[in-house]
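Novice: Sharing upload-v9.csv (CSV, C-alpha atoms) below.
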```
chain,number,residue,atom,x,y,z
A,1,MET,CA,14.6,-79.0,-89.1
A,2,THR,CA,15.9,-77.7,-92.4
A,3,ALA,CA,19.5,-76.6,-92.9
A,4,VAL,CA,18.3,-73.0,-93.0
A,5,GLU,CA,16.4,-73.3,-89.7
A,6,ASP,CA,19.4,-75.0,-88.1
A,7,LEU,CA,21.8,-72.2,-89.3
A,8,SER,CA,19.4,-69.5,-88.0
A,9,ARG,CA,19.2,-71.3,-84.6
A,10,ARG,CA,23.0,-71.5,-84.3
A,11,ARG,CA,23.4,-67.9,-85.4
A,12,GLY,CA,20.8,-66.8,-82.8
A,13,GLY,CA,22.7,-68.7,-80.1
A,14,ARG,CA,26.0,-67.1,-81.1
A,15,ASP,CA,24.5,-63.7,-81.2
A,16,ALA,CA,23.0,-64.3,-77.7
A,17,ARG,CA,26.4,-65.4,-76.4
A,18,ARG,CA,28.1,-62.4,-77.9
A,19,ALA,CA,25.5,-60.1,-76.4
A,20,LEU,CA,26.0,-61.7,-73.0
A,21,ARG,CA,29.8,-61.2,-73.2
A,22,ALA,CA,29.4,-57.6,-74.4
A,23,ARG,CA,26.9,-56.5,-71.8
A,24,PRO,CA,28.1,-54.3,-68.8
A,25,ILE,CA,29.0,-56.6,-65.9
A,26,PRO,CA,27.2,-55.8,-62.7
A,27,MET,CA,29.6,-54.9,-59.9
A,28,ALA,CA,28.4,-57.9,-57.9
A,29,GLU,CA,29.5,-60.3,-60.6
A,30,ALA,CA,32.8,-58.6,-61.5
A,31,ALA,CA,36.0,-60.6,-61.0
A,32,VAL,CA,37.7,-57.5,-59.5
A,33,ARG,CA,35.7,-55.2,-57.2
A,34,PRO,CA,36.7,-52.1,-55.2
A,35,GLY,CA,37.5,-53.1,-51.6
A,36,MET,CA,38.0,-56.8,-52.1
A,37,GLU,CA,39.6,-58.5,-49.1
A,38,GLY,CA,43.3,-58.9,-49.4
A,39,GLY,CA,46.1,-59.5,-46.9
A,40,GLN,CA,47.0,-63.0,-47.9
A,41,TYR,CA,50.7,-62.3,-48.9
A,42,LYS,CA,52.7,-62.5,-45.6
A,43,PRO,CA,56.5,-62.8,-46.3
A,44,LEU,CA,57.3,-62.0,-42.7
A,45,SER,CA,56.5,-64.1,-39.7
A,46,THR,CA,54.8,-62.6,-36.6
A,47,LEU,CA,58.2,-62.7,-34.8
A,48,ASP,CA,59.9,-60.8,-37.7
A,49,MET,CA,57.2,-58.1,-37.6
A,50,GLU,CA,57.6,-57.8,-33.8
A,51,ARG,CA,61.3,-57.4,-34.1
A,52,ILE,CA,60.9,-54.6,-36.7
A,53,HIS,CA,58.3,-52.9,-34.6
A,54,GLU,CA,60.6,-53.1,-31.5
A,55,ALA,CA,63.5,-51.7,-33.5
A,56,ALA,CA,61.4,-48.8,-34.7
A,57,LEU,CA,60.2,-48.0,-31.2
A,58,GLY,CA,63.8,-48.1,-29.9
A,59,LEU,CA,65.0,-45.8,-32.7
A,60,LEU,CA,62.2,-43.3,-32.1
A,61,GLU,CA,62.9,-43.2,-28.3
A,62,THR,CA,66.7,-43.2,-28.3
A,63,VAL,CA,67.9,-41.7,-31.6
A,64,GLY,CA,64.9,-39.5,-32.5
A,65,PHE,CA,64.5,-37.2,-35.5
A,66,GLY,CA,66.5,-34.2,-36.6
A,67,GLN,CA,65.4,-31.0,-38.2
A,68,ALA,CA,62.0,-30.8,-36.5
A,69,ILE,CA,60.2,-27.5,-37.3
A,70,PRO,CA,59.2,-25.3,-34.3
A,71,SER,CA,55.5,-26.1,-34.5
A,72,CYS,CA,56.3,-29.8,-34.5
A,73,ILE,CA,58.5,-29.4,-31.4
A,74,GLU,CA,55.9,-27.4,-29.6
A,75,ALA,CA,53.1,-29.9,-30.3
A,76,MET,CA,55.1,-33.0,-29.6
A,77,THR,CA,56.9,-31.9,-26.4
A,78,ALA,CA,53.5,-31.0,-25.0
A,79,ARG,CA,52.7,-34.7,-25.4
A,80,GLY,CA,55.8,-36.1,-23.7
A,81,CYS,CA,58.5,-35.9,-26.4
A,82,TRP,CA,61.8,-34.3,-25.6
A,83,MET,CA,64.7,-32.6,-27.4
A,84,THR,CA,68.3,-34.0,-27.0
A,85,ASP,CA,71.4,-31.8,-26.6
A,86,LYS,CA,72.1,-32.7,-30.3
A,87,GLY,CA,68.8,-31.2,-31.4
A,88,ARG,CA,66.9,-34.4,-32.1
A,89,LEU,CA,63.3,-34.9,-31.2
A,90,CYS,CA,62.8,-38.2,-29.3
A,91,ILE,CA,59.4,-39.9,-29.1
A,92,PRO,CA,58.6,-42.2,-26.1
A,93,ARG,CA,57.4,-45.7,-26.7
A,94,SER,CA,54.3,-45.0,-24.6
A,95,LEU,CA,53.2,-42.1,-26.9
A,96,VAL,CA,53.6,-44.2,-30.1
A,97,GLU,CA,51.6,-47.1,-28.6
A,98,ASP,CA,48.8,-44.7,-27.4
A,99,ILE,CA,48.6,-43.1,-30.8
A,100,LEU,CA,48.5,-46.5,-32.6
A,101,ALA,CA,45.7,-47.6,-30.2
A,102,SER,CA,43.6,-44.5,-30.8
A,103,CYS,CA,44.1,-43.6,-34.4
A,104,ALA,CA,41.2,-43.8,-36.9
A,105,ARG,CA,40.7,-47.1,-38.6
A,106,GLY,CA,37.4,-46.6,-40.4
A,107,PHE,CA,37.3,-43.7,-42.8
A,108,THR,CA,36.3,-42.9,-46.3
A,109,LEU,CA,38.4,-41.6,-49.2
A,110,TYR,CA,35.9,-39.7,-51.3
A,111,GLY,CA,35.7,-39.4,-55.1
A,112,ARG,CA,34.2,-36.3,-56.8
A,113,ASP,CA,31.5,-38.8,-57.8
A,114,PRO,CA,30.2,-40.7,-54.8
A,115,GLN,CA,30.2,-44.0,-56.8
A,116,HIS,CA,34.0,-43.9,-56.5
A,117,ASP,CA,34.1,-43.6,-52.7
A,118,MET,CA,36.6,-46.0,-51.0
A,119,GLN,CA,36.6,-47.5,-47.6
A,120,PRO,CA,40.3,-48.4,-47.1
A,121,SER,CA,40.1,-50.2,-43.7
A,122,GLY,CA,40.6,-53.8,-42.6
A,123,ASN,CA,42.0,-55.9,-45.4
A,124,ARG,CA,40.1,-54.1,-48.2
A,125,ALA,CA,42.2,-53.6,-51.4
A,126,TYR,CA,42.0,-50.8,-54.0
A,127,PHE,CA,44.1,-50.3,-57.1
A,128,GLY,CA,45.4,-47.0,-58.3
A,129,THR,CA,48.2,-45.2,-60.1
A,130,ALA,CA,51.3,-43.7,-58.5
A,131,GLY,CA,54.8,-42.3,-59.2
A,132,ALA,CA,56.4,-39.2,-60.6
A,133,ALA,CA,57.6,-40.3,-64.1
A,134,VAL,CA,59.6,-37.7,-66.0
A,135,HIS,CA,59.4,-39.4,-69.4
A,136,ILE,CA,56.7,-40.8,-71.6
A,137,VAL,CA,57.1,-43.4,-74.3
A,138,GLU,CA,55.3,-42.5,-77.6
A,139,PRO,CA,53.4,-45.6,-78.6
A,140,GLU,CA,53.8,-45.0,-82.3
A,141,THR,CA,57.6,-44.4,-82.4
A,142,ARG,CA,58.6,-46.2,-79.1
A,143,GLU,CA,60.7,-43.1,-78.3
A,144,TYR,CA,61.1,-41.4,-75.0
A,145,ARG,CA,60.3,-37.7,-74.4
A,146,GLU,CA,59.8,-35.5,-71.4
A,147,SER,CA,56.3,-35.8,-69.8
A,148,VAL,CA,54.2,-32.7,-70.0
A,149,LEU,CA,51.0,-31.5,-68.4
A,150,VAL,CA,48.6,-32.7,-71.1
A,151,ASP,CA,50.0,-36.3,-70.4
A,152,LEU,CA,48.8,-36.0,-66.9
A,153,PHE,CA,45.4,-34.9,-68.1
A,154,ASP,CA,45.2,-37.7,-70.6
A,155,ALA,CA,46.3,-40.3,-68.1
A,156,GLY,CA,43.5,-39.1,-65.8
A,157,ARG,CA,41.0,-39.5,-68.6
A,158,ILE,CA,42.1,-43.1,-69.1
A,159,VAL,CA,41.9,-43.9,-65.4
A,160,ASP,CA,38.4,-42.4,-65.3
A,161,GLN,CA,37.3,-45.1,-67.8
A,162,CYS,CA,39.1,-48.0,-66.2
A,163,GLU,CA,36.8,-49.9,-63.9
A,164,HIS,CA,39.7,-51.7,-62.1
A,165,ILE,CA,41.6,-48.5,-61.3
A,166,HIS,CA,39.9,-47.0,-58.3
A,167,PHE,CA,41.9,-43.8,-57.6
A,168,TYR,CA,44.2,-41.5,-59.5
A,169,GLN,CA,47.5,-40.9,-57.7
A,170,ARG,CA,49.5,-38.4,-59.8
A,171,PRO,CA,51.8,-40.7,-61.9
A,172,ILE,CA,53.6,-38.1,-64.0
A,173,THR,CA,55.7,-35.0,-63.4
A,174,ALA,CA,54.9,-32.2,-65.9
A,175,ARG,CA,58.3,-31.1,-67.1
A,176,ASP,CA,56.9,-28.1,-69.0
A,177,MET,CA,56.1,-26.3,-65.7
A,178,ILE,CA,58.5,-23.6,-64.9
A,179,THR,CA,58.2,-23.1,-61.2
A,180,GLY,CA,57.2,-25.2,-58.2
A,181,HIS,CA,54.0,-23.1,-58.0
A,182,ASP,CA,53.2,-23.8,-61.6
A,183,LEU,CA,53.7,-27.5,-61.0
A,184,ASP,CA,51.6,-27.7,-57.9
A,185,ILE,CA,48.6,-25.7,-59.1
A,186,ASN,CA,48.5,-27.1,-62.6
A,187,THR,CA,49.0,-30.7,-61.5
A,188,LEU,CA,46.0,-30.5,-59.2
A,189,TYR,CA,44.0,-28.9,-62.1
A,190,ALA,CA,45.0,-31.5,-64.7
A,191,CYS,CA,44.2,-34.4,-62.4
A,192,LEU,CA,40.8,-33.0,-61.4
A,193,ALA,CA,40.0,-32.2,-65.1
A,194,GLY,CA,40.8,-35.8,-66.0
A,195,THR,CA,38.8,-37.9,-63.5
A,196,GLN,CA,36.0,-38.0,-61.1
A,197,LYS,CA,37.8,-40.5,-58.9
A,198,HIS,CA,39.8,-39.7,-55.8
A,199,VAL,CA,43.0,-37.7,-56.6
A,200,GLY,CA,46.3,-37.9,-54.9
A,201,THR,CA,48.9,-35.2,-55.5
A,202,SER,CA,51.7,-33.3,-53.7
A,203,MET,CA,52.8,-29.7,-53.0
A,204,VAL,CA,56.2,-28.3,-52.3
A,205,ASP,CA,55.2,-25.1,-50.4
A,206,PRO,CA,52.6,-24.5,-47.7
A,207,ALA,CA,51.4,-21.4,-49.6
A,208,HIS,CA,50.6,-23.6,-52.5
A,209,VAL,CA,48.6,-25.9,-50.3
A,210,THR,CA,46.5,-22.9,-49.2
A,211,GLU,CA,45.9,-21.9,-52.8
A,212,CYS,CA,45.0,-25.5,-53.7
A,213,LEU,CA,42.5,-25.6,-50.9
A,214,ASP,CA,40.9,-22.4,-52.2
A,215,ILE,CA,40.5,-24.1,-55.6
A,216,LEU,CA,39.0,-27.2,-54.0
A,217,HIS,CA,36.5,-25.1,-51.9
A,218,ALA,CA,35.3,-23.4,-55.1
A,219,LEU,CA,35.0,-26.7,-56.9
A,220,ALA,CA,33.2,-28.4,-54.0
A,221,GLY,CA,30.7,-25.5,-53.6
A,222,GLY,CA,32.2,-24.1,-50.4
A,223,GLU,CA,34.6,-25.0,-47.6
A,224,ASP,CA,31.9,-26.8,-45.7
A,225,LYS,CA,31.1,-29.0,-48.7
A,226,TRP,CA,34.8,-29.7,-49.2
A,227,ARG,CA,35.3,-30.7,-45.5
A,228,GLU,CA,32.3,-33.1,-45.8
A,229,ARG,CA,33.7,-34.9,-48.8
A,230,PRO,CA,37.5,-34.1,-49.3
A,231,PHE,CA,38.2,-35.7,-52.7
A,232,VAL,CA,41.9,-34.9,-53.0
A,233,SER,CA,44.7,-36.1,-50.7
A,234,GLN,CA,48.2,-34.9,-50.3
A,235,SER,CA,51.2,-37.3,-50.8
A,236,ASN,CA,53.8,-36.2,-48.3
A,237,CYS,CA,57.3,-37.5,-47.8
A,238,PHE,CA,57.7,-36.0,-44.3
A,239,VAL,CA,60.9,-38.0,-43.3
A,240,VAL,CA,64.1,-38.3,-45.2
A,241,PRO,CA,67.2,-40.5,-44.3
A,242,PRO,CA,68.9,-40.7,-42.0
A,243,MET,CA,66.0,-40.0,-39.6
A,244,LYS,CA,65.4,-36.4,-40.4
A,245,PHE,CA,62.2,-34.5,-40.9
A,246,ALA,CA,61.8,-32.9,-44.3
A,247,GLU,CA,61.0,-29.4,-43.1
A,248,ASP,CA,59.0,-28.0,-46.1
A,249,ALA,CA,57.0,-31.2,-46.4
A,250,CYS,CA,56.1,-31.0,-42.7
A,251,ARG,CA,54.9,-27.4,-43.2
A,252,CYS,CA,52.8,-28.6,-46.1
A,253,LEU,CA,51.4,-31.4,-44.0
A,254,GLU,CA,50.3,-29.0,-41.3
A,255,VAL,CA,48.4,-26.8,-43.7
A,256,ALA,CA,46.7,-29.8,-45.3
A,257,ALA,CA,45.7,-31.4,-42.0
A,258,ARG,CA,44.2,-28.1,-40.8
A,259,GLY,CA,42.4,-27.7,-44.1
A,260,GLY,CA,40.7,-31.1,-43.9
A,261,MET,CA,42.8,-32.7,-46.6
A,262,PRO,CA,43.7,-36.4,-46.1
A,263,VAL,CA,47.4,-36.9,-46.1
A,264,LEU,CA,49.3,-40.0,-47.4
A,265,LEU,CA,52.5,-40.3,-45.4
A,266,LEU,CA,55.1,-41.8,-47.7
A,267,SER,CA,57.3,-44.4,-46.1
A,268,ALA,CA,59.6,-45.0,-49.1
A,269,ALA,CA,62.7,-43.7,-47.3
A,270,GLN,CA,62.1,-45.7,-44.2
A,271,ALA,CA,61.5,-48.8,-46.3
A,272,GLY,CA,64.9,-48.4,-48.0
A,273,ALA,CA,63.4,-47.5,-51.4
A,274,THR,CA,65.3,-44.2,-51.6
A,275,SER,CA,68.3,-45.1,-49.4
A,276,PRO,CA,70.0,-48.2,-48.0
A,277,ALA,CA,68.3,-49.7,-45.0
A,278,ALA,CA,71.4,-51.6,-43.9
A,279,TRP,CA,72.2,-49.1,-41.1
A,280,LEU,CA,69.2,-50.5,-39.2
A,281,GLU,CA,70.7,-54.0,-39.0
A,282,PRO,CA,72.4,-53.6,-35.5
A,283,TRP,CA,68.9,-52.9,-34.1
A,284,PHE,CA,67.5,-56.1,-35.6
A,285,ARG,CA,70.3,-58.2,-34.0
A,286,GLN,CA,69.4,-57.1,-30.5
```
Spell out the structure here as structure tokens.
Specialist:
Amino acid sequence: MTAVEDLSRRRGGRDARRALRARPIPMAEAAVRPGMEGGQYKPLSTLDMERIHEAALGLLETVGFGQAIPSCIEAMTARGCWMTDKGRLCIPRSLVEDILASCARGFTLYGRDPQHDMQPSGNRAYFGTAGAAVHIVEPETREYRESVLVDLFDAGRIVDQCEHIHFYQRPITARDMITGHDLDINTLYACLAGTQKHVGTSMVDPAHVTECLDILHALAGGEDKWRERPFVSQSNCFVVPPMKFAEDACRCLEVAARGGMPVLLLSAAQAGATSPAAWLEPWFRQ
């Protein structure tokens, strides 16, 4: 073999390897795939988890929640809950256990494009954005500025092209919106304009939820089409410390549920992320 032939052979092999690395990776061969099995990280023992569960059941039954809205009181007292003389809604252990035993465990979170549908049951893991950042760092200057609506749209466009990000939970608060209505409606629009993946957002007023549902019906091709494949979910912080219902959030939750919109119930407050959790310690000692 001549030197020229050897060089050609080696270049051909290099080009082939480069082409192999540059080719789109089939999903079956990808290192990270939607719905991969997780659940390996277990910082708590079974006994620890049982103690937390028992403490939660005790709190629900003996302390209860304050500031329940009338429709909530009506629905829950019909199922065996009761109001205390201090106006707190108590939930019996038996009802909690019945609900846990009967709640849905196999469901789909839909994308606008069916290729982005998710099956978040069992130990399947999906990755997505989240948060409500009020500032953006400009990459060129490394300076902070207030986040605006176009940032939310641009972030959605990035997520739409990232194969290892499977859903778009609103990560930014658009500070250029004037009213809560402006924020809710335009946040929904910017997210949907940016990505075909499942979108998570929030609303501050039940009337805004109704308006958002009207938009989603039009986008889906009708209310029936929306209910078949609801591709937007509502993030809802329905409880605030110390053990009180967030009344407006509960009203938004009701409208979303009746409208066929999946609801993500945020547990940050209960987990101590937005307030100290030390006041639960006496329950854990029992």
Novice: Between atom CA of A:Asp151 and atom CA of A:Glu223, what distance in Å does the model show, to one decimal?
Specialist: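 Distance between the two atoms: 29.7 Å.
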Novice: So, counting all atoms listed in the file, which residue among A:Gly35, A:Pro242, A:Gly106, A:Pro230 is closest to A:Val63?
Specialist: A:Pro242
Novice: What does the distance between atom CA of A:Gly260 and atom CA of A:Arg227 come to in Å, to one decimal place?
Specialist: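 Interatomic distance here is 5.6 Å.
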Novice: Any chance you could tabulate, as CSV, the residues of stretch 79-120 of chain A at most 12 Å from stretch 182-193 of chain A with each one's nearest atom pair and distance in Å to one decimal, using all atoms listed in the file, in chain and rising number order?
Specialist:
```
residue,atom,partner,partner_atom,distance
A:Gly111,CA,A:Leu192,CA,10.3
A:Arg112,CA,A:Leu192,CA,8.7
A:Asp113,CA,A:Leu192,CA,11.5
```
Novice: Report, in Å with one decimal, the straight-line distance from atom CA of A:Arg93 to atom CA of A:Gln67.
Specialist: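 So the two atoms, atom CA of A:Arg93 and atom CA of A:Gln67, lie 20.3 Å apart.
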Novice: What's the 10 Å shell around stretch 166-169 of chain A, counting all atoms listed in the file, without same-chain residues fewer than 3 positions away, as a PyMOL selection string?
Specialist: chain A and resi 33-35+109-111+116-118+125-132+155-160+162-163+172+191-192+194-202+232-235
Novice: Could you give me, as an MDAnalysis selection string, the residues that have an atom at most 12 Å away from the point (54.7, -51.5, -33.8) in the coordinates of the file, using only C-alpha atoms?
Specialist: chainID A and resid 46:60 93:101
Novice: May I ask which of the residues A:Ala28, A:Cys212, A:Val240, A:Ala78 is the closest one to A:Gly259, counting only C-alpha atoms?
Specialist: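 Nearest candidate to A:Gly259 out of A:Ala28, A:Cys212, A:Val240, A:Ala78: A:Cys212.
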Novice: From the options A:Ile73, A:Cys237, A:Val134, A:Ala207, which residue's atoms come nearest to A:Arg175, counting all atoms listed in the file?
Specialist: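 Using all atoms listed in the file, the shortest distance to A:Arg175 belongs to A:Val134.
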Novice: From the list A:Asn123, A:Thr62, A:Gln115, A:Ser102, which residue is nearest A:Tyr41 when using all atoms listed in the file?
Specialist: A:Asn123
Novice: Tell me which protein, DNA and RNA residues are within 10 Å of A:Cys72, counting all atoms listed in the file, leaving out same-chain ones fewer than 3 positions away, and put them as a ChimeraX atom specification.
Specialist: /A:67-69,75-78,89,245,247,250-251,254
Novice: My list of candidates is A:Tyr144, A:Asp154, A:Thr210, A:Phe65. Which is closest to A:Pro241 when distances are computed with all atoms listed in the file?
Specialist: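 With all atoms listed in the file as the atom set, the closest residue is A:Phe65.
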Novice: Using all atoms listed in the file, which residue out of A:Ala133, A:Met203, A:Met83, A:Ile215 lies closest to A:Ala256?
Specialist: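 Answer, going by the shortest atom-to-atom distance: A:Met203.
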Novice: Please complete stretch 61-83 of chain A with N, CA and C atoms and give it back as a CSV table (one decimal), in the coordinates of the input.
Specialist:
```csv
chain,number,residue,atom,x,y,z
A,61,GLU,N,62.7,-43.6,-29.7
A,61,GLU,CA,62.9,-43.2,-28.3
A,61,GLU,C,64.3,-42.8,-28.0
A,62,THR,N,65.3,-43.4,-28.6
A,62,THR,CA,66.7,-43.2,-28.3
A,62,THR,C,67.5,-42.3,-29.3
A,63,VAL,N,67.2,-42.4,-30.6
A,63,VAL,CA,67.9,-41.7,-31.6
A,63,VAL,C,67.1,-40.4,-31.9
A,64,GLY,N,65.8,-40.6,-32.2
A,64,GLY,CA,64.9,-39.5,-32.5
A,64,GLY,C,65.1,-38.9,-33.9
A,65,PHE,N,64.4,-37.8,-34.2
A,65,PHE,CA,64.5,-37.2,-35.5
A,65,PHE,C,65.2,-35.9,-35.5
A,66,GLY,N,65.9,-35.6,-36.5
A,66,GLY,CA,66.5,-34.2,-36.6
A,66,GLY,C,65.7,-33.3,-37.5
A,67,GLN,N,66.0,-32.0,-37.4
A,67,GLN,CA,65.4,-31.0,-38.2
A,67,GLN,C,63.9,-30.8,-38.0
A,68,ALA,N,63.4,-31.0,-36.8
A,68,ALA,CA,62.0,-30.8,-36.5
A,68,ALA,C,61.7,-29.3,-36.6
A,69,ILE,N,60.6,-29.0,-37.2
A,69,ILE,CA,60.2,-27.5,-37.3
A,69,ILE,C,59.6,-27.1,-35.9
A,70,PRO,N,59.6,-25.8,-35.6
A,70,PRO,CA,59.2,-25.3,-34.3
A,70,PRO,C,57.8,-25.7,-33.9
A,71,SER,N,56.8,-25.7,-34.8
A,71,SER,CA,55.5,-26.1,-34.5
A,71,SER,C,55.4,-27.5,-34.1
A,72,CYS,N,56.2,-28.4,-34.8
A,72,CYS,CA,56.3,-29.8,-34.5
A,72,CYS,C,56.8,-30.0,-33.1
A,73,ILE,N,57.9,-29.3,-32.8
A,73,ILE,CA,58.5,-29.4,-31.4
A,73,ILE,C,57.5,-29.0,-30.4
A,74,GLU,N,56.8,-27.9,-30.6
A,74,GLU,CA,55.9,-27.4,-29.6
A,74,GLU,C,54.7,-28.4,-29.4
A,75,ALA,N,54.2,-29.0,-30.4
A,75,ALA,CA,53.1,-29.9,-30.3
A,75,ALA,C,53.5,-31.2,-29.7
A,76,MET,N,54.7,-31.7,-30.0
A,76,MET,CA,55.1,-33.0,-29.6
A,76,MET,C,55.7,-33.0,-28.2
A,77,THR,N,56.4,-32.0,-27.8
A,77,THR,CA,56.9,-31.9,-26.4
A,77,THR,C,55.8,-31.7,-25.4
A,78,ALA,N,54.7,-31.1,-25.9
A,78,ALA,CA,53.5,-31.0,-25.0
A,78,ALA,C,52.9,-32.4,-24.8
A,79,ARG,N,53.2,-33.4,-25.6
A,79,ARG,CA,52.7,-34.7,-25.4
A,79,ARG,C,53.7,-35.7,-24.8
A,80,GLY,N,54.8,-35.2,-24.4
A,80,GLY,CA,55.8,-36.1,-23.7
A,80,GLY,C,57.0,-36.3,-24.4
A,81,CYS,N,57.2,-35.8,-25.6
A,81,CYS,CA,58.5,-35.9,-26.4
A,81,CYS,C,59.5,-35.0,-25.8
A,82,TRP,N,60.8,-35.1,-26.2
A,82,TRP,CA,61.8,-34.3,-25.6
A,82,TRP,C,62.9,-34.1,-26.7
A,83,MET,N,63.6,-33.0,-26.5
A,83,MET,CA,64.7,-32.6,-27.4
A,83,MET,C,66.0,-33.0,-26.8
```
